[in-house]
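Colleague: Here it is, the structure in full.
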Amino acid sequence: MTTKMRSEIAEQPAALRATLDSLLPRVGEVRAVGERTRQLLFIARGTSDNAAVYGRYLVESHAGRLAALAAPSIATTYKRKLDLDGVLAVAISQSGRTEEIVETLAWAKDCGAATVGITNGGEESPLAQAADVALCTVAGEEKAVPATKTYTTQLAALAVLALGLGADVDVAELRRVPEAVEKLITEPGDVEAVVEGLLDKPGVVVSGRGLAFSTALETALKLKEACYLHAMGLSYADLLHGPIAVVDADTPALLVAAENSPTLPGTVALAERVVAAGAAAYTIGGGHALAQAGTAALNGPDLPEWVAPMGLIVPGQLLTEALARRLGIDPDAPRGLNKVTQTD
């Protein structure tokens, strides 16, 4: 039986094409709202927060804008007003109905920020209505609780945002993403070997750095929510500062990198260190170098680093869905989770 999650993973190329067709003509609107700002503040939770990590690295590395992740409780719990003059606040929510995120975006506007909303909830969603510019993704309805196509289309919207902010990138490379994702869905690499390696393990450390850090965080979240693994998402720089002590025969590593990334040599060195210590190092992306250094490999996309995270997450999604089924878990409806999460 095909799960809803697996079906929605397969829908990502079409969702990405539709989203790019819809949002690329709006780069000028982003440019206009961004002209009066100097830095960015990303507002999100959960999977959307992992997308925001990608957005932060992207605008800092390619658009030269300082960016930070918001602490929504400053607005909703502490109710502290800040000076956000010169700030572009970017709120990200799949549904556009998470009250905390909508309230925090309204707070940012009241504090003087220009605002952008990224949502799959449509122009009539509360988040879109609250934003100066709403970038609505075109993923269609997502029925499985774990986000897949709504996440990758959020990344596409953030790439459009970066273009509007003057990123030094080639838009033609963004247009290649749907085809690269399509190829990964049919040729993800040795998913079965990684499933077998994780079946009897209580946890896994998922690590990447730079633009791939968002993929590490999102893959770890998927494994936690759909497979109930104690999955820890870390930058490999942070991992080396102490947590690497938890990597052993019972706690393998899942390492992710884009090919031709400046973070690739460090990721390869980490894979070699993990294997030398007697633990398994499963890999996503990184080309031949990372695959050779690890225990079993999942493929990465043939894309430049700035758009690679839209492809790098796909093998992790497929791994999560396959592992959940092998564990006897319904990945469409993990325990204790709803599609829209409200927080105080």
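Residue numbering restarts at 1 in every chain; chains get A, B, ... in the order shown in the structure tokens, and ligands count up from 1 in that same order.
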List the spatial neighbours of stretch 35-38 of chain A as JSON, numbers by chain - criterion: any atom at most 9 Å away, only C-alpha atoms, same-chain residues fewer than 2 positions off excluded.

Modeller: {"A": [30, 31, 32, 33, 40, 65, 66, 85, 86, 87, 88, 113, 114, 165]}

Colleague: With distances taken over only C-alpha atoms, which residue among A:Ser207, A:Ser7, A:Ser95, A:Ser214 lies nearest A:Leu58?

Modeller: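 Answer, going by the shortest atom-to-atom distance: A:Ser214.
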
Colleague: Choose the residue, out of A:Arg209, A:Lys79, A:Lys109, A:Lys183, that has the smallest atom-to-atom separation from A:Leu234; count only C-alpha atoms.

Modeller: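 Comparing A:Arg209, A:Lys79, A:Lys109, A:Lys183 against A:Leu234, the winner is A:Arg209.
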
Colleague: From the options A:Arg17, A:Arg56, A:Arg6, A:Arg175, which residue's atoms come nearest to A:Ala212, counting only C-alpha atoms?

Modeller: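 Once distances to A:Ala212 are computed over only C-alpha atoms, the minimum belongs to A:Arg56.
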
Colleague: List every residue of stretch 13-58 of chain A that DSSP, applied to the backbone, labels as strand (DSSP E or B), and write the result as a VMD selection string.

Modeller: chain A and resid 39 to 43

Colleague: Which value, in Å to one decimal, gives the distance between atom CA of A:Asp49 and atom CA of A:Thr186?

Modeller: 27.9 Å

Colleague: Any chance you could list, as a list in words, the residues in stretch 211-263 of chain A that come up alpha helix (DSSP H) when DSSP is run on the backbone?

Modeller: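 Those residues are Phe213, Ser214, Thr215, Ala216, Leu217, Glu218, Thr219, Ala220, Leu221, Lys222, Leu223, Lys224, Glu225, Ala226, Cys227, Tyr236, Ala237, Asp238 and Leu239 of chain A.
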
Colleague: Atoms to include: all heavy atoms. Write the selected residues as a compact mmCIF listing (two decimals), in the first residue's frame.

Modeller:
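Saved result, part07.txt, follows:
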# COMPACT_ATOMS: atom_id res chain seq x y z
N PHE A 213 22.94 22.41 6.59
CA PHE A 213 22.54 22.28 7.99
C PHE A 213 21.02 22.18 8.09
O PHE A 213 20.48 21.41 8.89
CB PHE A 213 23.08 23.48 8.78
CG PHE A 213 22.73 23.47 10.24
CD1 PHE A 213 22.69 22.29 10.97
CD2 PHE A 213 22.48 24.66 10.90
CE1 PHE A 213 22.38 22.30 12.34
CE2 PHE A 213 22.18 24.68 12.25
CZ PHE A 213 22.12 23.50 12.98
N SER A 214 20.31 22.95 7.27
CA SER A 214 18.85 22.89 7.29
C SER A 214 18.36 21.49 6.96
O SER A 214 17.38 21.00 7.55
CB SER A 214 18.26 23.89 6.28
OG SER A 214 18.74 23.65 4.97
N THR A 215 19.03 20.81 6.04
CA THR A 215 18.65 19.45 5.67
C THR A 215 18.88 18.48 6.82
O THR A 215 18.08 17.58 7.06
CB THR A 215 19.43 18.99 4.43
OG1 THR A 215 19.27 19.94 3.37
CG2 THR A 215 18.95 17.63 3.96
N ALA A 216 19.98 18.67 7.54
CA ALA A 216 20.26 17.82 8.70
C ALA A 216 19.17 17.99 9.75
O ALA A 216 18.66 17.00 10.30
CB ALA A 216 21.63 18.16 9.28
N LEU A 217 18.78 19.23 10.02
CA LEU A 217 17.73 19.49 11.01
C LEU A 217 16.40 18.89 10.58
O LEU A 217 15.68 18.28 11.37
CB LEU A 217 17.59 20.99 11.23
CG LEU A 217 18.76 21.70 11.90
CD1 LEU A 217 18.54 23.21 11.86
CD2 LEU A 217 18.94 21.22 13.34
N GLU A 218 16.04 19.08 9.31
CA GLU A 218 14.75 18.59 8.83
C GLU A 218 14.72 17.07 8.75
O GLU A 218 13.70 16.45 9.07
CB GLU A 218 14.44 19.21 7.46
CG GLU A 218 13.16 18.73 6.80
CD GLU A 218 11.89 19.01 7.59
OE1 GLU A 218 11.94 19.77 8.60
OE2 GLU A 218 10.83 18.47 7.22
N THR A 219 15.82 16.44 8.34
CA THR A 219 15.87 14.98 8.31
C THR A 219 15.74 14.42 9.72
O THR A 219 15.01 13.44 9.95
CB THR A 219 17.17 14.50 7.65
OG1 THR A 219 17.28 15.05 6.34
CG2 THR A 219 17.21 12.98 7.56
N ALA A 220 16.42 15.03 10.67
CA ALA A 220 16.31 14.59 12.06
C ALA A 220 14.88 14.73 12.57
O ALA A 220 14.35 13.83 13.25
CB ALA A 220 17.26 15.39 12.95
N LEU A 221 14.23 15.83 12.23
CA LEU A 221 12.84 16.02 12.66
C LEU A 221 11.94 14.96 12.06
O LEU A 221 11.07 14.40 12.75
CB LEU A 221 12.36 17.42 12.25
CG LEU A 221 10.90 17.75 12.58
CD1 LEU A 221 10.64 17.65 14.07
CD2 LEU A 221 10.55 19.14 12.06
N LYS A 222 12.11 14.64 10.79
CA LYS A 222 11.28 13.62 10.15
C LYS A 222 11.47 12.26 10.84
O LYS A 222 10.51 11.54 11.08
CB LYS A 222 11.63 13.51 8.67
CG LYS A 222 11.15 14.67 7.84
CD LYS A 222 9.63 14.67 7.73
CE LYS A 222 9.08 16.04 7.37
NZ LYS A 222 9.03 16.99 8.47
N LEU A 223 12.72 11.90 11.14
CA LEU A 223 12.98 10.62 11.79
C LEU A 223 12.40 10.58 13.20
O LEU A 223 11.95 9.53 13.67
CB LEU A 223 14.49 10.35 11.82
CG LEU A 223 15.12 10.06 10.45
CD1 LEU A 223 16.64 10.11 10.56
CD2 LEU A 223 14.66 8.72 9.90
N LYS A 224 12.39 11.72 13.87
CA LYS A 224 11.80 11.78 15.21
C LYS A 224 10.28 11.62 15.14
O LYS A 224 9.70 10.81 15.86
CB LYS A 224 12.14 13.12 15.88
CG LYS A 224 13.50 13.16 16.52
CD LYS A 224 13.74 14.45 17.27
CE LYS A 224 14.19 15.56 16.37
NZ LYS A 224 14.79 16.70 17.11
N GLU A 225 9.64 12.41 14.28
CA GLU A 225 8.18 12.44 14.32
C GLU A 225 7.54 11.24 13.65
O GLU A 225 6.45 10.83 14.07
CB GLU A 225 7.66 13.75 13.69
CG GLU A 225 7.91 13.92 12.21
CD GLU A 225 7.45 15.28 11.70
OE1 GLU A 225 7.05 16.13 12.52
OE2 GLU A 225 7.52 15.51 10.48
N ALA A 226 8.17 10.64 12.65
CA ALA A 226 7.54 9.54 11.92
C ALA A 226 8.10 8.16 12.29
O ALA A 226 7.43 7.16 12.07
CB ALA A 226 7.68 9.75 10.41
N CYS A 227 9.32 8.12 12.85
CA CYS A 227 9.93 6.83 13.21
C CYS A 227 10.20 6.70 14.70
O CYS A 227 10.66 5.65 15.15
CB CYS A 227 11.24 6.65 12.44
SG CYS A 227 11.06 6.69 10.64
N TYR A 236 28.02 19.98 11.95
CA TYR A 236 29.14 19.12 12.29
C TYR A 236 30.18 19.88 13.12
O TYR A 236 30.94 19.28 13.88
CB TYR A 236 29.75 18.41 11.09
CG TYR A 236 30.58 19.21 10.12
CD1 TYR A 236 31.76 19.84 10.49
CD2 TYR A 236 30.22 19.27 8.77
CE1 TYR A 236 32.54 20.53 9.58
CE2 TYR A 236 31.00 19.95 7.85
CZ TYR A 236 32.16 20.60 8.26
OH TYR A 236 32.92 21.27 7.35
N ALA A 237 30.20 21.20 13.02
CA ALA A 237 31.10 21.97 13.88
C ALA A 237 30.70 21.81 15.34
O ALA A 237 31.55 21.62 16.22
CB ALA A 237 31.09 23.44 13.47
N ASP A 238 29.39 21.88 15.62
CA ASP A 238 28.92 21.68 16.99
C ASP A 238 29.09 20.23 17.42
O ASP A 238 29.41 19.95 18.59
CB ASP A 238 27.44 22.07 17.10
CG ASP A 238 27.24 23.58 17.02
OD1 ASP A 238 28.11 24.32 17.52
OD2 ASP A 238 26.21 24.01 16.47
N LEU A 239 28.89 19.31 16.50
CA LEU A 239 29.06 17.89 16.82
C LEU A 239 30.47 17.61 17.32
O LEU A 239 30.67 16.89 18.30
CB LEU A 239 28.75 17.04 15.59
CG LEU A 239 28.93 15.53 15.71
CD1 LEU A 239 28.00 14.95 16.76
CD2 LEU A 239 28.68 14.85 14.35

Colleague: Considering only C-alpha atoms, tabulate each residue of stretch 184-215 of chain A that lies at most 8 Å from stretch 319-323 of chain A along with its nearest interatomic pair and the corresponding distance in Å to one decimal; arrange the rows by chain and ascending residue number and present them as JSON lines.

Modeller:
{"residue": "A:Val191", "atom": "CA", "partner": "A:Leu319", "partner_atom": "CA", "distance": 5.9}
{"residue": "A:Val194", "atom": "CA", "partner": "A:Leu319", "partner_atom": "CA", "distance": 7.5}
{"residue": "A:Val195", "atom": "CA", "partner": "A:Leu323", "partner_atom": "CA", "distance": 5.4}
{"residue": "A:Leu198", "atom": "CA", "partner": "A:Leu323", "partner_atom": "CA", "distance": 7.9}
{"residue": "A:Leu199", "atom": "CA", "partner": "A:Leu323", "partner_atom": "CA", "distance": 7.2}

Colleague: Using the selection just defined, write its residues with C-alpha atoms as a CSV table (one decimal), in the first residue's frame.

Modeller:
chain,number,residue,atom,x,y,z
A,191,VAL,CA,17.7,3.4,1.0
A,194,VAL,CA,20.3,2.6,5.6
A,195,VAL,CA,16.9,1.3,6.7
A,198,LEU,CA,18.7,2.0,11.6
A,199,LEU,CA,16.1,-0.7,12.3

Colleague: Ranking A:Val145, A:Pro315, A:Ala108, A:Pro13 by minimum distance to A:Asp330 and counting only C-alpha atoms, which one comes first?

Modeller: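 Smallest distance to A:Asp330 is found for A:Val145.
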
Colleague: Kindly indicate which residue among A:Tyr151, A:Tyr54, A:Tyr282, A:Tyr78 lies nearest to A:Gln317, using only C-alpha atoms for the distances.

Modeller: A:Tyr151

Colleague: I'd like to know which of A:Gly55, A:Gly203, A:Gly266, A:Pro25 is closest to A:Ala91, using only C-alpha atoms.

Modeller: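 Comparing A:Gly55, A:Gly203, A:Gly266, A:Pro25 against A:Ala91, the winner is A:Gly55.
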
Colleague: Report, in Å with one decimal, the straight-line distance from atom CA of A:Leu82 to atom CA of A:Ala51.

Modeller: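 According to the coordinates, atom CA of A:Leu82 and atom CA of A:Ala51 are separated by 24.3 Å.
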
Colleague: What are the closest atom pairs, with distances in Å to one decimal, for each residue of stretch 182-248 of chain A lying within 8 Å of stretch 287-302 of chain A, using only C-alpha atoms, rows by chain and rising residue number, as JSON lines?

Modeller:
{"residue": "A:Leu184", "atom": "CA", "partner": "A:Pro301", "partner_atom": "CA", "distance": 6.8}
{"residue": "A:Glu187", "atom": "CA", "partner": "A:Asn299", "partner_atom": "CA", "distance": 7.4}
{"residue": "A:Pro188", "atom": "CA", "partner": "A:Asn299", "partner_atom": "CA", "distance": 5.3}
{"residue": "A:Gly189", "atom": "CA", "partner": "A:Leu298", "partner_atom": "CA", "distance": 4.3}
{"residue": "A:Asp190", "atom": "CA", "partner": "A:Leu298", "partner_atom": "CA", "distance": 5.6}
{"residue": "A:Val191", "atom": "CA", "partner": "A:Leu298", "partner_atom": "CA", "distance": 6.5}
{"residue": "A:Ala193", "atom": "CA", "partner": "A:Ala296", "partner_atom": "CA", "distance": 6.5}
{"residue": "A:Val194", "atom": "CA", "partner": "A:Ala296", "partner_atom": "CA", "distance": 6.5}

Colleague: Could you please determine the separation between atom CA of A:Ala271 and atom CA of A:Ala253 in Å, to one decimal place?

Modeller: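 So the two atoms, atom CA of A:Ala271 and atom CA of A:Ala253, lie 8.1 Å apart.
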
Colleague: I want to know what sits within 10 Å of A:Thr19, based on only C-alpha atoms, with residues of the same chain fewer than 5 positions away left out; could you give that as a ChimeraX atom specification?

Modeller: /A:13-14,24,120,135-139,152-154,156-157,160

Colleague: Generate a file of the selected residues that holds N, CA and C atoms, formatted as a JSON list (two decimals), in the first residue's frame.

Modeller:
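So selection_31.json came out as:
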[["chain", "number", "residue", "atom", "x", "y", "z"],
["A", 13, "PRO", "N", 8.13, 17.37, -7.57],
["A", 13, "PRO", "CA", 8.55, 18.06, -8.80],
["A", 13, "PRO", "C", 7.46, 18.97, -9.36],
["A", 14, "ALA", "N", 6.23, 18.47, -9.42],
["A", 14, "ALA", "CA", 5.12, 19.30, -9.94],
["A", 14, "ALA", "C", 4.86, 20.48, -9.03],
["A", 24, "LEU", "N", 8.34, 33.36, -9.26],
["A", 24, "LEU", "CA", 9.45, 34.05, -9.92],
["A", 24, "LEU", "C", 9.04, 35.38, -10.56],
["A", 120, "ASN", "N", 1.63, 27.95, 2.39],
["A", 120, "ASN", "CA", 0.87, 27.16, 1.43],
["A", 120, "ASN", "C", -0.63, 27.33, 1.67],
["A", 135, "LEU", "N", 4.11, 35.39, -0.28],
["A", 135, "LEU", "CA", 4.61, 34.44, -1.27],
["A", 135, "LEU", "C", 3.95, 33.10, -0.99],
["A", 136, "CYS", "N", 2.89, 32.82, -1.73],
["A", 136, "CYS", "CA", 2.11, 31.61, -1.48],
["A", 136, "CYS", "C", 2.61, 30.46, -2.35],
["A", 137, "THR", "N", 3.02, 29.40, -1.72],
["A", 137, "THR", "CA", 3.49, 28.24, -2.45],
["A", 137, "THR", "C", 2.31, 27.49, -3.07],
["A", 138, "VAL", "N", 2.61, 26.65, -4.05],
["A", 138, "VAL", "CA", 1.55, 25.95, -4.79],
["A", 138, "VAL", "C", 1.81, 24.45, -4.67],
["A", 139, "ALA", "N", 1.76, 23.96, -3.44],
["A", 139, "ALA", "CA", 2.02, 22.55, -3.20],
["A", 139, "ALA", "C", 0.75, 21.72, -3.25],
["A", 152, "THR", "N", 9.67, 21.60, 0.73],
["A", 152, "THR", "CA", 10.51, 21.90, -0.42],
["A", 152, "THR", "C", 10.02, 23.15, -1.16],
["A", 153, "THR", "N", 8.71, 23.36, -1.20],
["A", 153, "THR", "CA", 8.22, 24.57, -1.85],
["A", 153, "THR", "C", 8.50, 25.82, -1.01],
["A", 154, "GLN", "N", 8.57, 25.66, 0.32],
["A", 154, "GLN", "CA", 9.02, 26.78, 1.15],
["A", 154, "GLN", "C", 10.46, 27.17, 0.80],
["A", 156, "ALA", "N", 11.84, 26.78, -2.05],
["A", 156, "ALA", "CA", 11.77, 27.47, -3.35],
["A", 156, "ALA", "C", 11.35, 28.93, -3.17],
["A", 157, "ALA", "N", 10.39, 29.17, -2.29],
["A", 157, "ALA", "CA", 9.95, 30.55, -2.03],
["A", 157, "ALA", "C", 11.09, 31.35, -1.41],
["A", 160, "VAL", "N", 13.41, 32.45, -4.08],
["A", 160, "VAL", "CA", 12.85, 33.62, -4.76],
["A", 160, "VAL", "C", 13.07, 34.87, -3.92]]
